[in-house]
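Taking it in order: structure first as structure tokens, then the write-up.
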Amino acid sequence: MKRKKIGIMGGTFDPLHNGHLAIARIVKEKLALDEVVFIPDNIPPHKLAKHWSSAQDRYKMTELGICGQKGFAISDLELKRAGISYTYDTLKYLRDSYGAEDDFYFIVGADSLVQLHTWHKAKELIKLCTFVAVTRPGFVAEMAVTLGEFKKKGIENVVVVETPEFPVSSTEIRKLVREGKPIAELVPKAVAEYIRQTDLYRR
Ligand code: ATP
């Protein structure tokens with residue numbers, strides 16, 4: 001049986017935005033992935049000092065945002081595992097459970113790629129899948145340096161997928177909502193509606 005190529009989009013998704021969807025779609029097409037699974041984190045390790053919305057709200061917005069999008073799925077793996085969501089634990093679990101049938105491609109924006117060396121068990125993590133790096137405004141030069149360092153260290157399982165730059169972030173969306181400004185261009189309609197109904201980011 002043919003091995004499946006599964007993209008993993010990990011994130012806090014507070015909220016999911018059109019940038020997440022666009023990069024997932026482009027990577028899926030360019031690497032001919034069978035599907036991309038969005039995995040909202042339970043407690044984001046790299047944002048411990050910050051406030052973030054409940055895992056339930058973030059999961060729901062991610063679910064609403066990918067609804068009807070062919071080839072996209074969502075997993076509650078990190079929510080169910082509870083505690084701090086280390087990508088190492090997630091990929092180790094996926095490899096141990098499905099590694100015989102599937103190959104995994106973990107999609108990261110340039111801002112995440114340049115921080116990868118600080119992630120939990122980074123050295124082991126990098127061996128568990130192919131990392132797919134996409135550009136992000138403000139990180140072009142830093143990403144090139146990081147890719148150069150990977151090359152020097154002989155790390156080969158990092159591929160770059162060229163995408164347009166998507167100048168959108170969850171931080172910006174939360175700020176716009178707080179200021180009462182429109183976000184309709186930046187998030188799927190159902191996500192904007194969920195934020196409106198639940199009054200998220202206003203407090
Ligand atoms: P925040 O602004 O709250 O830090 P974010 O917009 O970076 O959030 P996350 O959920 O933290 O969103 O990101 C999940 C993944 O998506 C990360 O790998 C991040 O680099 C990537 N990503 C998010 N937005 C973009 C974007 N506009 N372009 C490229 N990659 C992105």
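Just remember, in the structure tokens the first chain shown is A, the second B, etc., residues are 1-based per chain, and ligands are 1-based in the order shown.
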
Would you list, as an mmCIF file with N, CA, C and O atoms, in the first residue's frame, the residues of segment 16-132 of chain A that end up in strand (DSSP E) under DSSP run on this structure's backbone?
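New file out_16.cif:
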```cif
data_model
loop_
_atom_site.group_PDB
_atom_site.id
_atom_site.type_symbol
_atom_site.label_atom_id
_atom_site.label_comp_id
_atom_site.auth_asym_id
_atom_site.auth_seq_id
_atom_site.Cartn_x
_atom_site.Cartn_y
_atom_site.Cartn_z
ATOM 1 N N GLU A 35 -3.206 14.870 3.178
ATOM 2 C CA GLU A 35 -4.036 15.774 3.986
ATOM 3 C C GLU A 35 -3.162 16.595 4.923
ATOM 4 O O GLU A 35 -1.992 16.279 5.134
ATOM 5 N N VAL A 36 -3.754 17.663 5.437
ATOM 6 C CA VAL A 36 -3.069 18.461 6.465
ATOM 7 C C VAL A 36 -3.943 18.412 7.711
ATOM 8 O O VAL A 36 -5.137 18.706 7.670
ATOM 9 N N VAL A 37 -3.315 18.008 8.821
ATOM 10 C CA VAL A 37 -4.041 17.914 10.090
ATOM 11 C C VAL A 37 -3.636 19.092 10.982
ATOM 12 O O VAL A 37 -2.446 19.283 11.261
ATOM 13 N N PHE A 38 -4.619 19.863 11.392
ATOM 14 C CA PHE A 38 -4.379 20.981 12.295
ATOM 15 C C PHE A 38 -4.438 20.449 13.726
ATOM 16 O O PHE A 38 -5.422 19.793 14.096
ATOM 17 N N ILE A 39 -3.412 20.737 14.506
ATOM 18 C CA ILE A 39 -3.376 20.258 15.897
ATOM 19 C C ILE A 39 -3.216 21.462 16.838
ATOM 20 O O ILE A 39 -2.095 21.927 17.072
ATOM 21 N N PRO A 40 -4.336 21.968 17.366
ATOM 22 C CA PRO A 40 -4.228 23.073 18.326
ATOM 23 C C PRO A 40 -3.542 22.601 19.605
ATOM 24 O O PRO A 40 -3.822 21.505 20.086
ATOM 25 N N PHE A 72 -8.323 19.021 4.619
ATOM 26 C CA PHE A 72 -7.923 19.524 5.933
ATOM 27 C C PHE A 72 -8.682 18.768 7.015
ATOM 28 O O PHE A 72 -9.875 18.491 6.880
ATOM 29 N N ALA A 73 -7.986 18.466 8.114
ATOM 30 C CA ALA A 73 -8.615 17.786 9.251
ATOM 31 C C ALA A 73 -8.096 18.416 10.534
ATOM 32 O O ALA A 73 -7.153 19.208 10.515
ATOM 33 N N ILE A 74 -8.732 18.068 11.649
ATOM 34 C CA ILE A 74 -8.296 18.597 12.945
ATOM 35 C C ILE A 74 -8.118 17.432 13.907
ATOM 36 O O ILE A 74 -8.830 16.425 13.802
ATOM 37 N N ASP A 102 2.559 6.061 7.349
ATOM 38 C CA ASP A 102 2.520 7.475 6.967
ATOM 39 C C ASP A 102 3.877 8.164 7.111
ATOM 40 O O ASP A 102 4.664 7.814 7.980
ATOM 41 N N ASP A 103 4.096 9.191 6.267
ATOM 42 C CA ASP A 103 5.229 10.098 6.453
ATOM 43 C C ASP A 103 4.671 11.440 6.888
ATOM 44 O O ASP A 103 3.641 11.892 6.372
ATOM 45 N N PHE A 104 5.362 12.071 7.831
ATOM 46 C CA PHE A 104 4.844 13.319 8.403
ATOM 47 C C PHE A 104 5.677 14.529 7.979
ATOM 48 O O PHE A 104 6.910 14.462 7.936
ATOM 49 N N TYR A 105 4.950 15.601 7.699
ATOM 50 C CA TYR A 105 5.560 16.870 7.276
ATOM 51 C C TYR A 105 5.047 17.959 8.204
ATOM 52 O O TYR A 105 3.863 18.302 8.160
ATOM 53 N N PHE A 106 5.923 18.449 9.076
ATOM 54 C CA PHE A 106 5.487 19.448 10.056
ATOM 55 C C PHE A 106 5.726 20.846 9.469
ATOM 56 O O PHE A 106 6.858 21.229 9.162
ATOM 57 N N ILE A 107 4.622 21.581 9.321
ATOM 58 C CA ILE A 107 4.684 22.880 8.635
ATOM 59 C C ILE A 107 4.953 23.988 9.660
ATOM 60 O O ILE A 107 4.243 24.095 10.661
ATOM 61 N N VAL A 108 5.959 24.797 9.396
ATOM 62 C CA VAL A 108 6.255 25.916 10.318
ATOM 63 C C VAL A 108 6.499 27.197 9.540
ATOM 64 O O VAL A 108 7.120 27.193 8.476
ATOM 65 N N GLY A 109 6.039 28.308 10.119
ATOM 66 C CA GLY A 109 6.387 29.612 9.583
ATOM 67 C C GLY A 109 7.821 29.940 9.970
ATOM 68 O O GLY A 109 8.386 29.352 10.907
ATOM 69 N N THR A 130 9.793 15.411 8.374
ATOM 70 C CA THR A 130 10.339 16.463 7.520
ATOM 71 C C THR A 130 9.752 17.780 7.996
ATOM 72 O O THR A 130 8.540 17.871 8.206
ATOM 73 N N PHE A 131 10.590 18.771 8.207
ATOM 74 C CA PHE A 131 10.081 20.106 8.546
ATOM 75 C C PHE A 131 9.901 20.895 7.259
ATOM 76 O O PHE A 131 10.763 20.874 6.392
ATOM 77 N N VAL A 132 8.752 21.546 7.152
ATOM 78 C CA VAL A 132 8.461 22.342 5.952
ATOM 79 C C VAL A 132 8.401 23.800 6.383
ATOM 80 O O VAL A 132 7.525 24.196 7.158
#
```

Could I get the residue neighbourhood of ligand 1 at 8 Å, counting only C-alpha atoms and all ligand atoms, as an MDAnalysis selection string? chainID A and resid 9:20 23 40 107:113 134:137 165:172

Out of A:Tyr201, A:Ile155, A:Arg196, A:Glu63, which residue has the shortest atom-to-atom distance to Arg178 of chain A when counting only C-alpha atoms?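 Of A:Tyr201, A:Ile155, A:Arg196, A:Glu63, the one nearest Arg178 of chain A, counting only C-alpha atoms, is A:Tyr201.
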
Atom CA of Leu33 of chain A and atom CA of Ala100 of chain A are how many Å apart?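 Interatomic distance here is 16.7 Å.
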
Hey, can you check how far atom CA of Met143 of chain A sits from atom CA of Val114 of chain A?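 That distance, rounded to one decimal, is 6.0 Å.
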
Restricting to only C-alpha atoms, whichever of A:Gly65, A:Pro44, A:Gly71, A:Gly99 is closest to Glu29 of chain A is A:Gly71

Hey, which of A:His46, A:Leu79, A:Ser97, A:Ala141 ends up closest to Lys60 of chain A? Count only C-alpha atoms.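 With only C-alpha atoms as the atom set, the closest residue is A:Leu79.
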
Distance of atom CA of Glu78 of chain A from atom CA of Gln56 of chain A, expressed in Å to one decimal place: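 Interatomic distance here is 11.6 Å.
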
List the neighbours of Cys129 of chain A out to 12 Å using only C-alpha atoms; skip same-chain residues closer than 3 positions along the sequence, and give me the result as an mmCIF file with N, CA, C and O atoms, in the first residue's frame.
```cif
data_model
loop_
_atom_site.group_PDB
_atom_site.id
_atom_site.type_symbol
_atom_site.label_atom_id
_atom_site.label_comp_id
_atom_site.auth_asym_id
_atom_site.auth_seq_id
_atom_site.Cartn_x
_atom_site.Cartn_y
_atom_site.Cartn_z
ATOM 1 N N LYS A 5 1.183 10.796 2.794
ATOM 2 C CA LYS A 5 1.974 11.969 3.178
ATOM 3 C C LYS A 5 1.053 12.909 3.956
ATOM 4 O O LYS A 5 0.122 13.473 3.400
ATOM 5 N N ILE A 6 1.345 13.028 5.257
ATOM 6 C CA ILE A 6 0.464 13.811 6.132
ATOM 7 C C ILE A 6 1.164 15.096 6.598
ATOM 8 O O ILE A 6 2.231 15.033 7.218
ATOM 9 N N GLY A 7 0.549 16.219 6.299
ATOM 10 C CA GLY A 7 1.057 17.498 6.795
ATOM 11 C C GLY A 7 0.501 17.751 8.183
ATOM 12 O O GLY A 7 -0.656 17.428 8.467
ATOM 13 N N ILE A 8 1.336 18.298 9.062
ATOM 14 C CA ILE A 8 0.872 18.653 10.410
ATOM 15 C C ILE A 8 1.044 20.154 10.578
ATOM 16 O O ILE A 8 2.128 20.698 10.344
ATOM 17 N N THR A 87 5.847 19.526 20.846
ATOM 18 C CA THR A 87 5.753 18.944 19.502
ATOM 19 C C THR A 87 6.485 17.599 19.456
ATOM 20 O O THR A 87 6.057 16.674 18.765
ATOM 21 N N TYR A 88 7.565 17.484 20.241
ATOM 22 C CA TYR A 88 8.291 16.215 20.273
ATOM 23 C C TYR A 88 7.335 15.079 20.664
ATOM 24 O O TYR A 88 7.305 14.034 20.010
ATOM 25 N N THR A 90 4.130 14.906 20.464
ATOM 26 C CA THR A 90 3.101 14.679 19.428
ATOM 27 C C THR A 90 3.673 13.877 18.261
ATOM 28 O O THR A 90 3.080 12.888 17.817
ATOM 29 N N LEU A 91 4.839 14.295 17.787
ATOM 30 C CA LEU A 91 5.408 13.596 16.630
ATOM 31 C C LEU A 91 5.880 12.189 16.994
ATOM 32 O O LEU A 91 5.753 11.266 16.196
ATOM 33 N N LYS A 92 6.369 12.050 18.218
ATOM 34 C CA LYS A 92 6.807 10.718 18.661
ATOM 35 C C LYS A 92 5.591 9.783 18.679
ATOM 36 O O LYS A 92 5.651 8.657 18.186
ATOM 37 N N TYR A 93 4.487 10.304 19.208
ATOM 38 C CA TYR A 93 3.267 9.501 19.260
ATOM 39 C C TYR A 93 2.814 9.130 17.837
ATOM 40 O O TYR A 93 2.470 7.972 17.558
ATOM 41 N N LEU A 94 2.815 10.126 16.952
ATOM 42 C CA LEU A 94 2.360 9.860 15.578
ATOM 43 C C LEU A 94 3.267 8.855 14.884
ATOM 44 O O LEU A 94 2.797 7.940 14.210
ATOM 45 N N ARG A 95 4.574 9.021 15.078
ATOM 46 C CA ARG A 95 5.523 8.088 14.462
ATOM 47 C C ARG A 95 5.332 6.678 15.015
ATOM 48 O O ARG A 95 5.298 5.698 14.261
ATOM 49 N N ASP A 96 5.183 6.581 16.349
ATOM 50 C CA ASP A 96 5.029 5.256 16.961
ATOM 51 C C ASP A 96 3.713 4.607 16.548
ATOM 52 O O ASP A 96 3.626 3.392 16.372
ATOM 53 N N GLY A 99 3.697 5.449 11.993
ATOM 54 C CA GLY A 99 4.924 5.584 11.198
ATOM 55 C C GLY A 99 5.101 4.500 10.145
ATOM 56 O O GLY A 99 5.812 4.692 9.165
ATOM 57 N N ASP A 102 2.559 6.061 7.349
ATOM 58 C CA ASP A 102 2.520 7.475 6.967
ATOM 59 C C ASP A 102 3.877 8.164 7.111
ATOM 60 O O ASP A 102 4.664 7.814 7.980
ATOM 61 N N ASP A 103 4.096 9.191 6.267
ATOM 62 C CA ASP A 103 5.229 10.098 6.453
ATOM 63 C C ASP A 103 4.671 11.440 6.888
ATOM 64 O O ASP A 103 3.641 11.892 6.372
ATOM 65 N N PHE A 104 5.362 12.071 7.831
ATOM 66 C CA PHE A 104 4.844 13.319 8.403
ATOM 67 C C PHE A 104 5.677 14.529 7.979
ATOM 68 O O PHE A 104 6.910 14.462 7.936
ATOM 69 N N TYR A 105 4.950 15.601 7.699
ATOM 70 C CA TYR A 105 5.560 16.870 7.276
ATOM 71 C C TYR A 105 5.047 17.959 8.204
ATOM 72 O O TYR A 105 3.863 18.302 8.160
ATOM 73 N N PHE A 106 5.923 18.449 9.076
ATOM 74 C CA PHE A 106 5.487 19.448 10.056
ATOM 75 C C PHE A 106 5.726 20.846 9.469
ATOM 76 O O PHE A 106 6.858 21.229 9.162
ATOM 77 N N ILE A 107 4.622 21.581 9.321
ATOM 78 C CA ILE A 107 4.684 22.880 8.635
ATOM 79 C C ILE A 107 4.953 23.988 9.660
ATOM 80 O O ILE A 107 4.243 24.095 10.661
ATOM 81 N N ALA A 122 14.890 19.287 20.909
ATOM 82 C CA ALA A 122 15.014 19.736 19.513
ATOM 83 C C ALA A 122 15.797 18.753 18.641
ATOM 84 O O ALA A 122 15.391 18.462 17.508
ATOM 85 N N LYS A 123 16.909 18.241 19.186
ATOM 86 C CA LYS A 123 17.772 17.373 18.364
ATOM 87 C C LYS A 123 17.044 16.098 17.950
ATOM 88 O O LYS A 123 17.178 15.625 16.816
ATOM 89 N N GLU A 124 16.282 15.541 18.909
ATOM 90 C CA GLU A 124 15.538 14.313 18.595
ATOM 91 C C GLU A 124 14.329 14.644 17.714
ATOM 92 O O GLU A 124 14.012 13.921 16.784
ATOM 93 N N LEU A 125 13.697 15.769 18.025
ATOM 94 C CA LEU A 125 12.494 16.187 17.287
ATOM 95 C C LEU A 125 12.764 16.276 15.786
ATOM 96 O O LEU A 125 11.983 15.800 14.964
ATOM 97 N N ILE A 126 13.880 16.869 15.465
ATOM 98 C CA ILE A 126 14.180 17.137 14.060
ATOM 99 C C ILE A 126 14.329 15.854 13.232
ATOM 100 O O ILE A 126 14.204 15.860 12.015
ATOM 101 N N VAL A 132 8.752 21.546 7.152
ATOM 102 C CA VAL A 132 8.461 22.342 5.952
ATOM 103 C C VAL A 132 8.401 23.800 6.383
ATOM 104 O O VAL A 132 7.525 24.196 7.158
ATOM 105 N N ILE A 155 21.780 18.808 8.685
ATOM 106 C CA ILE A 155 20.343 18.518 8.848
ATOM 107 C C ILE A 155 19.677 18.673 7.480
ATOM 108 O O ILE A 155 19.647 19.766 6.913
ATOM 109 N N GLU A 156 19.191 17.572 6.963
ATOM 110 C CA GLU A 156 18.709 17.611 5.580
ATOM 111 C C GLU A 156 17.193 17.550 5.446
ATOM 112 O O GLU A 156 16.650 17.822 4.389
ATOM 113 N N ASN A 157 16.523 17.164 6.555
ATOM 114 C CA ASN A 157 15.070 16.984 6.416
ATOM 115 C C ASN A 157 14.277 18.265 6.687
ATOM 116 O O ASN A 157 13.248 18.240 7.333
ATOM 117 N N VAL A 158 14.797 19.374 6.184
ATOM 118 C CA VAL A 158 14.053 20.637 6.239
ATOM 119 C C VAL A 158 13.904 21.116 4.803
ATOM 120 O O VAL A 158 14.900 21.279 4.099
ATOM 121 N N VAL A 159 12.667 21.271 4.364
ATOM 122 C CA VAL A 159 12.455 21.769 3.004
ATOM 123 C C VAL A 159 11.767 23.128 3.086
ATOM 124 O O VAL A 159 11.016 23.399 4.022
#
```

Just list the residues in segment 23-159 of chain A DSSP gives helix (DSSP H, G or I) on the backbone, as a VMD selection string. chain A and resid 23 to 30 45 to 47 55 to 66 77 to 81 87 to 98 110 to 113 116 to 118 122 to 125 140 to 152
